[in-house]
Amino acid sequence: MRRPPARALLVLAAALVLVLAAVASAVVLTGSLEADEPSTGSAPRPVVEGNRLVDGRTGETWVPRGVNWSSLEYACAQGWGYSSLEAGGTDPATTQALAIAGWGADTVRLPLNQDCWLGTRAAPVSDEYTERTPAGYRAHVGAFVEALNAQGLVVVLDLHSRKRIGTPEFGNLAMPDSESLAFWRSVGEAYADNASVMFDAFNEPYSRYDAADRLVFDLTWECWRDGGCAAPAEDDRTATTGRTTYAAQGMQAVVDALRDAGAEQPVLLGGLDYANDLSGWWEHRPDDDQLVAAFHAYDFKECATSECWDEVLAPLARRVPVLTGELGATDPLDGWVAGYLDWADQHGVGALFWVWADHAGDPMSLGRGLSGRPTAWGRLARSWMQAGARGP
């Protein structure tokens, strides 16, 4: 319906006020992020070429710098939301993407929950106010991936956790199971056409000990690749005797599931000992030419010295791209992380900091709230990422 001219002028004036208010709010928000305004546009399109990741748009070497964004792996299992984005007000996905990109990041790793994606083990958990469904979880993930890509950020989708049977809680198994292959077939089909997405096959494969610290599951490199070994059914937050088991699926089966789904993007593979041991990675790698060795670097793990990095990581990095999928420390400011970043820079190894989440009392929380206001740890991470974004 056509409005009278006077009415139209009033509406136009009101709209102008709203636009000016929105601009002012954007200026205030940008200031609160304490970061340079990020450049928007399409994200890199990673491709493995020899021992490098390259941007498929340009063919230039691309070394990822970014963060892990946490809560998709546990919120849906605990029953308080699909993720912490639900507490973020209007368009929180875009707000988060702007904040992360404003730190100079080009990559975000999203830990996912297998059961929330598949709808197994009564996940995701609903409450008296909200019904949560696997379709809702997938859509929530998809909207965030789209927002991150729009700000020039590559997304790594990581199979991170599972819901515990019979209780609203989460945990991590030692190795993939048969349902993990269904998870990756589904994820692969959903993101096969998104060249700015990579896949992290399984967060942290590990051996298992019982309550008396006796080894009850010794994960070998052969099982890591080929599967078939009997892994404890209990997650890492539950005591185990090792008697109840499931047949582990190997990394070759995970890679095959993704390829069968039509997804050809790079796949990250973390090694033994919670992705900290890459000593047998090259000899036991699956048959595929788009693989990245994923290393989780923490000062309390075995491979936490420059000697180990020189002996294990450096030779591997001359053969295949190596990416630090998680980087953190008991005290991230005591110099250990800075030393590792210096080493990584010298060897062309990227790093994704743990963790973009506001966890009270956690020294590894990079920021406060959803605004991107950095902690001291966050300022160190931001400085390193922005240095990489500026280039040499």
# chains A, B, ... in the order shown; residues from 1 in each chain; ligands from 1
call {"tool": "residues_around", "arguments": {"residues": "Ala351 of chain A", "least_positions_apart": "5", "cutoff": "10 Å", "atoms": "only C-alpha atoms", "output": "list of chain:residue names"}}
result
A:Val63, A:Pro64, A:Arg65, A:Gly66, A:Val67, A:Asn68, A:Thr107, A:Ala294, A:Phe295, A:His296, A:Ala297, A:Val322, A:Leu323, A:Thr324, A:Gly325, A:Glu326, A:Leu327, A:Tyr340, A:Leu341, A:Ala344, A:Asp345, A:Ala381, A:Trp384, A:Met385
call {"tool": "closest_atom_pairs", "arguments": {"of": "segment 132-238 of chain A", "to": "segment 69-78 of chain A", "cutoff": "12 Å", "atoms": "only C-alpha atoms", "output": "tab-separated table"}}
result
residue	atom	partner	partner_atom	distance
A:Arg132	CA	A:Cys76	CA	8.1
A:Thr133	CA	A:Cys76	CA	9.4
A:Pro134	CA	A:Cys76	CA	9.7
A:Gly136	CA	A:Cys76	CA	10.4
A:Tyr137	CA	A:Cys76	CA	7.9
A:Arg138	CA	A:Leu72	CA	10.4
A:His140	CA	A:Leu72	CA	9.2
A:Val141	CA	A:Leu72	CA	8.0
A:Gly142	CA	A:Leu72	CA	11.7
A:Phe144	CA	A:Leu72	CA	10.6
A:Val145	CA	A:Trp69	CA	11.5
A:Leu148	CA	A:Trp69	CA	11.2
A:Val155	CA	A:Trp69	CA	10.2
A:Val156	CA	A:Trp69	CA	10.2
A:Leu157	CA	A:Trp69	CA	10.6
A:Asp158	CA	A:Glu73	CA	9.2
A:Leu159	CA	A:Glu73	CA	8.5
A:His160	CA	A:Glu73	CA	6.4
A:Ser161	CA	A:Glu73	CA	5.9
A:Arg162	CA	A:Glu73	CA	7.7
A:Lys163	CA	A:Ala77	CA	5.3
A:Arg164	CA	A:Ala77	CA	7.9
A:Ile165	CA	A:Ala77	CA	10.2
A:Gly166	CA	A:Ala77	CA	10.9
A:Thr167	CA	A:Gln78	CA	8.4
A:Pro168	CA	A:Gln78	CA	4.6
A:Glu169	CA	A:Gln78	CA	5.0
A:Phe170	CA	A:Ala77	CA	5.9
A:Gly171	CA	A:Tyr74	CA	8.3
A:Asn172	CA	A:Glu73	CA	9.9
A:Asn203	CA	A:Glu73	CA	11.0
call {"tool": "select_by_dssp", "arguments": {"residues": "segment 172-372 of chain A", "states": "helix (DSSP H, G or I)", "output": "JSON, numbers by chain"}}
result
{"A": [178, 179, 180, 181, 182, 183, 184, 185, 186, 187, 188, 189, 190, 191, 221, 222, 223, 224, 225, 226, 251, 252, 253, 254, 255, 256, 257, 258, 259, 260, 272, 273, 274, 275, 306, 307, 308, 309, 310, 311, 312, 313, 314, 315, 316, 317, 336, 337, 338, 339, 340, 341, 342, 343, 344, 345, 346, 347]}
call {"tool": "atom_distance", "arguments": {"atom1": "atom CA of Trp336 of chain A", "atom2": "atom CA of Arg379 of chain A"}}
result
15.5 Å
call {"tool": "closest_residue", "arguments": {"among": "A:Ile100, A:Leu110, A:Val187, A:Val254", "to": "Ser371 of chain A", "atoms": "only C-alpha atoms"}}
result
A:Ile100
call {"tool": "closest_residue", "arguments": {"among": "A:Leu219, A:Tyr209, A:Leu269, A:Trp377", "to": "Gly242 of chain A", "atoms": "only C-alpha atoms"}}
result
A:Tyr209
call {"tool": "closest_residue", "arguments": {"among": "A:Ala192, A:Leu278, A:Ala263, A:Met198", "to": "Cys303 of chain A", "atoms": "only C-alpha atoms"}}
result
A:Leu278
call {"tool": "atom_distance", "arguments": {"atom1": "atom CA of Thr220 of chain A", "atom2": "atom CA of Arg259 of chain A"}}
result
24.5 Å
call {"tool": "decode", "arguments": {"residues": "segment 136-183 of chain A", "atoms": "N, CA and C atoms", "output": "PDB file, in the first residue's frame"}}
result
ATOM      1  N   GLY A 136      18.341 -29.449  14.748  1.00  0.00           N
ATOM      2  CA  GLY A 136      18.616 -28.132  15.308  1.00  0.00           C
ATOM      3  C   GLY A 136      20.096 -27.931  15.591  1.00  0.00           C
ATOM      4  N   TYR A 137      20.758 -28.977  16.092  1.00  0.00           N
ATOM      5  CA  TYR A 137      22.198 -28.899  16.361  1.00  0.00           C
ATOM      6  C   TYR A 137      22.974 -28.692  15.064  1.00  0.00           C
ATOM      7  N   ARG A 138      22.634 -29.449  14.038  1.00  0.00           N
ATOM      8  CA  ARG A 138      23.332 -29.328  12.756  1.00  0.00           C
ATOM      9  C   ARG A 138      23.131 -27.931  12.164  1.00  0.00           C
ATOM     10  N   ALA A 139      21.904 -27.413  12.274  1.00  0.00           N
ATOM     11  CA  ALA A 139      21.638 -26.070  11.750  1.00  0.00           C
ATOM     12  C   ALA A 139      22.408 -25.021  12.526  1.00  0.00           C
ATOM     13  N   HIS A 140      22.530 -25.208  13.840  1.00  0.00           N
ATOM     14  CA  HIS A 140      23.278 -24.289  14.693  1.00  0.00           C
ATOM     15  C   HIS A 140      24.754 -24.270  14.289  1.00  0.00           C
ATOM     16  N   VAL A 141      25.312 -25.450  14.084  1.00  0.00           N
ATOM     17  CA  VAL A 141      26.700 -25.545  13.614  1.00  0.00           C
ATOM     18  C   VAL A 141      26.838 -24.886  12.254  1.00  0.00           C
ATOM     19  N   GLY A 142      25.908 -25.190  11.351  1.00  0.00           N
ATOM     20  CA  GLY A 142      25.986 -24.658  10.002  1.00  0.00           C
ATOM     21  C   GLY A 142      25.937 -23.148   9.950  1.00  0.00           C
ATOM     22  N   ALA A 143      25.092 -22.548  10.780  1.00  0.00           N
ATOM     23  CA  ALA A 143      24.993 -21.087  10.800  1.00  0.00           C
ATOM     24  C   ALA A 143      26.285 -20.461  11.287  1.00  0.00           C
ATOM     25  N   PHE A 144      26.935 -21.101  12.253  1.00  0.00           N
ATOM     26  CA  PHE A 144      28.196 -20.564  12.767  1.00  0.00           C
ATOM     27  C   PHE A 144      29.310 -20.725  11.741  1.00  0.00           C
ATOM     28  N   VAL A 145      29.359 -21.863  11.070  1.00  0.00           N
ATOM     29  CA  VAL A 145      30.353 -22.066  10.017  1.00  0.00           C
ATOM     30  C   VAL A 145      30.195 -20.994   8.947  1.00  0.00           C
ATOM     31  N   GLU A 146      28.972 -20.724   8.555  1.00  0.00           N
ATOM     32  CA  GLU A 146      28.713 -19.714   7.531  1.00  0.00           C
ATOM     33  C   GLU A 146      29.181 -18.336   7.992  1.00  0.00           C
ATOM     34  N   ALA A 147      28.903 -17.988   9.253  1.00  0.00           N
ATOM     35  CA  ALA A 147      29.322 -16.686   9.780  1.00  0.00           C
ATOM     36  C   ALA A 147      30.836 -16.580   9.831  1.00  0.00           C
ATOM     37  N   LEU A 148      31.512 -17.655  10.235  1.00  0.00           N
ATOM     38  CA  LEU A 148      32.975 -17.640  10.303  1.00  0.00           C
ATOM     39  C   LEU A 148      33.585 -17.519   8.917  1.00  0.00           C
ATOM     40  N   ASN A 149      33.089 -18.311   7.979  1.00  0.00           N
ATOM     41  CA  ASN A 149      33.593 -18.227   6.602  1.00  0.00           C
ATOM     42  C   ASN A 149      33.408 -16.832   6.029  1.00  0.00           C
ATOM     43  N   ALA A 150      32.287 -16.185   6.352  1.00  0.00           N
ATOM     44  CA  ALA A 150      31.998 -14.854   5.819  1.00  0.00           C
ATOM     45  C   ALA A 150      33.012 -13.815   6.280  1.00  0.00           C
ATOM     46  N   GLN A 151      33.658 -14.083   7.422  1.00  0.00           N
ATOM     47  CA  GLN A 151      34.682 -13.165   7.931  1.00  0.00           C
ATOM     48  C   GLN A 151      36.092 -13.625   7.559  1.00  0.00           C
ATOM     49  N   GLY A 152      36.181 -14.517   6.571  1.00  0.00           N
ATOM     50  CA  GLY A 152      37.481 -14.938   6.072  1.00  0.00           C
ATOM     51  C   GLY A 152      38.154 -16.014   6.880  1.00  0.00           C
ATOM     52  N   LEU A 153      37.396 -16.762   7.686  1.00  0.00           N
ATOM     53  CA  LEU A 153      37.952 -17.775   8.586  1.00  0.00           C
ATOM     54  C   LEU A 153      37.694 -19.183   8.072  1.00  0.00           C
ATOM     55  N   VAL A 154      38.757 -19.970   7.974  1.00  0.00           N
ATOM     56  CA  VAL A 154      38.618 -21.394   7.701  1.00  0.00           C
ATOM     57  C   VAL A 154      38.094 -22.076   8.965  1.00  0.00           C
ATOM     58  N   VAL A 155      37.254 -23.085   8.794  1.00  0.00           N
ATOM     59  CA  VAL A 155      36.699 -23.819   9.934  1.00  0.00           C
ATOM     60  C   VAL A 155      37.207 -25.255   9.908  1.00  0.00           C
ATOM     61  N   VAL A 156      37.692 -25.725  11.066  1.00  0.00           N
ATOM     62  CA  VAL A 156      38.059 -27.124  11.255  1.00  0.00           C
ATOM     63  C   VAL A 156      36.968 -27.775  12.091  1.00  0.00           C
ATOM     64  N   LEU A 157      36.261 -28.747  11.529  1.00  0.00           N
ATOM     65  CA  LEU A 157      35.229 -29.478  12.254  1.00  0.00           C
ATOM     66  C   LEU A 157      35.873 -30.710  12.890  1.00  0.00           C
ATOM     67  N   ASP A 158      35.788 -30.787  14.212  1.00  0.00           N
ATOM     68  CA  ASP A 158      36.541 -31.767  15.000  1.00  0.00           C
ATOM     69  C   ASP A 158      35.589 -32.718  15.719  1.00  0.00           C
ATOM     70  N   LEU A 159      35.761 -34.023  15.526  1.00  0.00           N
ATOM     71  CA  LEU A 159      35.018 -35.012  16.320  1.00  0.00           C
ATOM     72  C   LEU A 159      35.666 -35.082  17.689  1.00  0.00           C
ATOM     73  N   HIS A 160      35.016 -34.481  18.671  1.00  0.00           N
ATOM     74  CA  HIS A 160      35.664 -34.221  19.945  1.00  0.00           C
ATOM     75  C   HIS A 160      35.128 -35.070  21.101  1.00  0.00           C
ATOM     76  N   SER A 161      33.804 -35.225  21.193  1.00  0.00           N
ATOM     77  CA  SER A 161      33.257 -35.842  22.398  1.00  0.00           C
ATOM     78  C   SER A 161      31.976 -36.610  22.103  1.00  0.00           C
ATOM     79  N   ARG A 162      31.459 -37.274  23.148  1.00  0.00           N
ATOM     80  CA  ARG A 162      30.199 -38.002  23.094  1.00  0.00           C
ATOM     81  C   ARG A 162      29.391 -37.702  24.345  1.00  0.00           C
ATOM     82  N   LYS A 163      28.093 -37.941  24.258  1.00  0.00           N
ATOM     83  CA  LYS A 163      27.254 -37.851  25.457  1.00  0.00           C
ATOM     84  C   LYS A 163      27.391 -39.148  26.247  1.00  0.00           C
ATOM     85  N   ARG A 164      27.448 -39.025  27.560  1.00  0.00           N
ATOM     86  CA  ARG A 164      27.502 -40.225  28.395  1.00  0.00           C
ATOM     87  C   ARG A 164      26.134 -40.898  28.426  1.00  0.00           C
ATOM     88  N   ILE A 165      26.110 -42.210  28.358  1.00  0.00           N
ATOM     89  CA  ILE A 165      24.856 -42.960  28.355  1.00  0.00           C
ATOM     90  C   ILE A 165      24.150 -42.789  29.704  1.00  0.00           C
ATOM     91  N   GLY A 166      22.859 -42.407  29.647  1.00  0.00           N
ATOM     92  CA  GLY A 166      22.036 -42.364  30.844  1.00  0.00           C
ATOM     93  C   GLY A 166      22.173 -41.134  31.703  1.00  0.00           C
ATOM     94  N   THR A 167      23.016 -40.193  31.329  1.00  0.00           N
ATOM     95  CA  THR A 167      23.172 -38.986  32.137  1.00  0.00           C
ATOM     96  C   THR A 167      23.529 -37.807  31.235  1.00  0.00           C
ATOM     97  N   PRO A 168      23.058 -36.605  31.574  1.00  0.00           N
ATOM     98  CA  PRO A 168      23.369 -35.432  30.755  1.00  0.00           C
ATOM     99  C   PRO A 168      24.779 -34.909  31.011  1.00  0.00           C
ATOM    100  N   GLU A 169      25.750 -35.588  30.456  1.00  0.00           N
ATOM    101  CA  GLU A 169      27.161 -35.196  30.607  1.00  0.00           C
ATOM    102  C   GLU A 169      27.910 -35.667  29.375  1.00  0.00           C
ATOM    103  N   PHE A 170      29.166 -35.296  29.258  1.00  0.00           N
ATOM    104  CA  PHE A 170      29.928 -35.636  28.063  1.00  0.00           C
ATOM    105  C   PHE A 170      31.287 -36.203  28.452  1.00  0.00           C
ATOM    106  N   GLY A 171      31.939 -36.820  27.494  1.00  0.00           N
ATOM    107  CA  GLY A 171      33.274 -37.352  27.700  1.00  0.00           C
ATOM    108  C   GLY A 171      33.892 -37.722  26.365  1.00  0.00           C
ATOM    109  N   ASN A 172      35.124 -38.216  26.407  1.00  0.00           N
ATOM    110  CA  ASN A 172      35.864 -38.550  25.196  1.00  0.00           C
ATOM    111  C   ASN A 172      36.287 -40.010  25.225  1.00  0.00           C
ATOM    112  N   LEU A 173      35.986 -40.745  24.161  1.00  0.00           N
ATOM    113  CA  LEU A 173      36.430 -42.124  24.046  1.00  0.00           C
ATOM    114  C   LEU A 173      37.876 -42.174  23.560  1.00  0.00           C
ATOM    115  N   ALA A 174      38.467 -43.372  23.640  1.00  0.00           N
ATOM    116  CA  ALA A 174      39.873 -43.527  23.274  1.00  0.00           C
ATOM    117  C   ALA A 174      40.088 -43.519  21.766  1.00  0.00           C
ATOM    118  N   MET A 175      39.103 -44.006  21.015  1.00  0.00           N
ATOM    119  CA  MET A 175      39.210 -44.111  19.555  1.00  0.00           C
ATOM    120  C   MET A 175      37.812 -44.021  18.947  1.00  0.00           C
ATOM    121  N   PRO A 176      37.718 -43.755  17.644  1.00  0.00           N
ATOM    122  CA  PRO A 176      36.400 -43.759  16.994  1.00  0.00           C
ATOM    123  C   PRO A 176      35.730 -45.122  17.110  1.00  0.00           C
ATOM    124  N   ASP A 177      34.382 -45.111  17.070  1.00  0.00           N
ATOM    125  CA  ASP A 177      33.627 -46.355  17.011  1.00  0.00           C
ATOM    126  C   ASP A 177      32.843 -46.390  15.700  1.00  0.00           C
ATOM    127  N   SER A 178      31.989 -47.381  15.527  1.00  0.00           N
ATOM    128  CA  SER A 178      31.274 -47.518  14.249  1.00  0.00           C
ATOM    129  C   SER A 178      30.367 -46.322  13.991  1.00  0.00           C
ATOM    130  N   GLU A 179      29.799 -45.739  15.043  1.00  0.00           N
ATOM    131  CA  GLU A 179      28.938 -44.573  14.852  1.00  0.00           C
ATOM    132  C   GLU A 179      29.745 -43.342  14.449  1.00  0.00           C
ATOM    133  N   SER A 180      31.044 -43.336  14.754  1.00  0.00           N
ATOM    134  CA  SER A 180      31.890 -42.232  14.309  1.00  0.00           C
ATOM    135  C   SER A 180      31.953 -42.182  12.783  1.00  0.00           C
ATOM    136  N   LEU A 181      31.910 -43.342  12.156  1.00  0.00           N
ATOM    137  CA  LEU A 181      31.924 -43.370  10.693  1.00  0.00           C
ATOM    138  C   LEU A 181      30.627 -42.798  10.141  1.00  0.00           C
ATOM    139  N   ALA A 182      29.503 -43.088  10.814  1.00  0.00           N
ATOM    140  CA  ALA A 182      28.228 -42.491  10.403  1.00  0.00           C
ATOM    141  C   ALA A 182      28.271 -40.978  10.585  1.00  0.00           C
ATOM    142  N   PHE A 183      28.880 -40.533  11.670  1.00  0.00           N
ATOM    143  CA  PHE A 183      29.052 -39.092  11.912  1.00  0.00           C
ATOM    144  C   PHE A 183      29.800 -38.445  10.760  1.00  0.00           C
TER     145      PHE A 183
END
